[in-house]
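Following: one structure in structure tokens, then a few remarks.
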Amino acid sequence: MNFKKLPNGMSEGFVLLKKCEEKKTKNGALYLDMIIGDKEGEMSAKLWDFHGGANFEGDSIVKIRGHIEQYNGKEQFRVSQIRPVSNTDEYNISDLVPASQIGGEQLFEMIKSRVERFENQNLKSIVLSIIEEKREKLVYYPAALKLHHAILGGLMFHTMSIIRMAEEICKIYTNINKELLLSGIILHDVAKTWELEAGKTGLAKGYTAEGELIGHLVKGAMYVNDKAKELGIDCEEVTLLEHMILSHHGIPEYGSAIRPMFLEAEILSALDALDATIYEINDATSKVEAHEFTDRQWALDNRKLYNHGLSEANHSVNFYSNEDNDNGND
């Protein structure tokens, strides 16, 4: 973890307080049992001789000072001082939590610029109106609670990754309706901003009650239906978009209301699953050395994965197309 070393031998820094519980020693003395972390990792932390009064919540940013010690062969932070961050503190949230390599605002603008070039006015109106309404959350929301793209700005990262794959596929298979495909991609997970409850750090804390009961596939289709009525749009593209959102998990066992029934819907479903799998494999193999196997990954059919070391396992993505570069993005 990235701490600043002080002249007196102590270390200090801003950390994400992942867990904080008030406990008692065998002698009845209060102490705080914590898990602290940043984007590089996490460690246990203890504040001994805690006298109560302060209220430290999990999923919050704090500044701590103390000593790094060894306990049972692992590093542990012995806290001497801890306080919540203030408005005058200078820290970067992306240093403390896993974050998209490109900011959500920039990715949102890249996505929006594509929609603004649509020739199909019905798709253009529906997509632009929905994403502008949801913009505030779209730019920082994760794409999942724990699995793929469960990072700050992960929703835009995941969406843009699929867009770039789709753009290349459309160059090969020229019968694909590119604007319909991109519309479905952009809207397929928009309702995750309603399904997931994000904490102060931009990471998901859990599901909302409505999200558990209805889910983002159904709610996303409802967004399209409601927006089309609001805009006075009555055309088949509305039904096609609804179907793409409802079917993008592929099969009922994975949450789809129906299986994909036309080409663009099938491509969306396949690319969504592919991007999630690529992310999860990279995430798992990046945690082991070259020529080693990971633990079994339950989200990937309980498989062990091998880091062959021939390329770096990370989440780096080239988001830029020739059109982006032509528009001044380097």
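Chain identifiers are assigned as A, B, and so on, following the order in which chains appear in the structure tokens; residues are numbered from 1 within each chain, and ligands are numbered from 1 in order of appearance.
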
Residues of stretch 127-170 of chain A at most 10 Å from stretch 218-233 of chain A: nearest atom pair and distance in Å, only C-alpha atoms, as CSV:
residue,atom,partner,partner_atom,distance
A:Val127,CA,A:Val224,CA,8.3
A:Ser129,CA,A:Lys227,CA,7.7
A:Ile130,CA,A:Lys227,CA,7.2

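Taking only C-alpha atoms, the non-local environment of stretch 282-285 of chain A within 10 Å (same-chain residues fewer than 3 positions away omitted) comprises Leu147, His148, His149, Thr277, Ile278, Tyr279, Val288, Glu289, Ala290, His291, Glu292, Phe293, Thr294, Asp295, Arg296, Gln297, Lys304, Leu305, Tyr306, Asn307, His308, Gly309, Glu312, Ala313, Asn314, His315 and Ser316 of chain A.
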
Inset, instruction - Could you tell me how far atom CA of A:Val15 lies from atom CA of A:Ser86, in Å and to one decimal? - result: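 Distance reported for this atom pair: 13.3 Å.
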
Inset, instruction - Quick one: pull the distance between atom CA of A:Gly58 and atom CA of A:Met34, Å, one decimal. - result: 8.8 Å

Legend entry - Residues of stretch 66-313 of chain A in alpha helix (DSSP H), written as a count of residues only: 119

Inset, instruction - Name all residues at most 8 Å from A:Ile111 (count only C-alpha atoms; drop same-chain ones fewer than 4 positions away) and give them as a list in words. - result: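 So the residues in contact are Leu107, Val115, Met160 and Ile186 of chain A.
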
Legend entry - For A:Glu236, the nearest of the candidates A:Ile68, A:Leu123, A:Cys20, A:Ile102, counting only C-alpha atoms: A:Leu123

Legend entry - A:Leu268, A:Ile281, A:Leu274, A:Ala144 ranked by distance to A:His216, top pick (using only C-alpha atoms):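 Counting only C-alpha atoms, the residue closest to A:His216 is A:Ala144.
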
Inset, instruction - From stretch 54-210 of chain A, collect each residue whose DSSP state is strand (DSSP E) and return the set as JSON, numbers by chain. - result: {"A": [60, 61, 62, 63, 64, 65, 66, 67, 68, 69, 70, 71, 74, 75, 76, 77, 78, 79, 80, 81, 82, 83, 84, 196, 197, 198, 204, 205, 206, 207]}
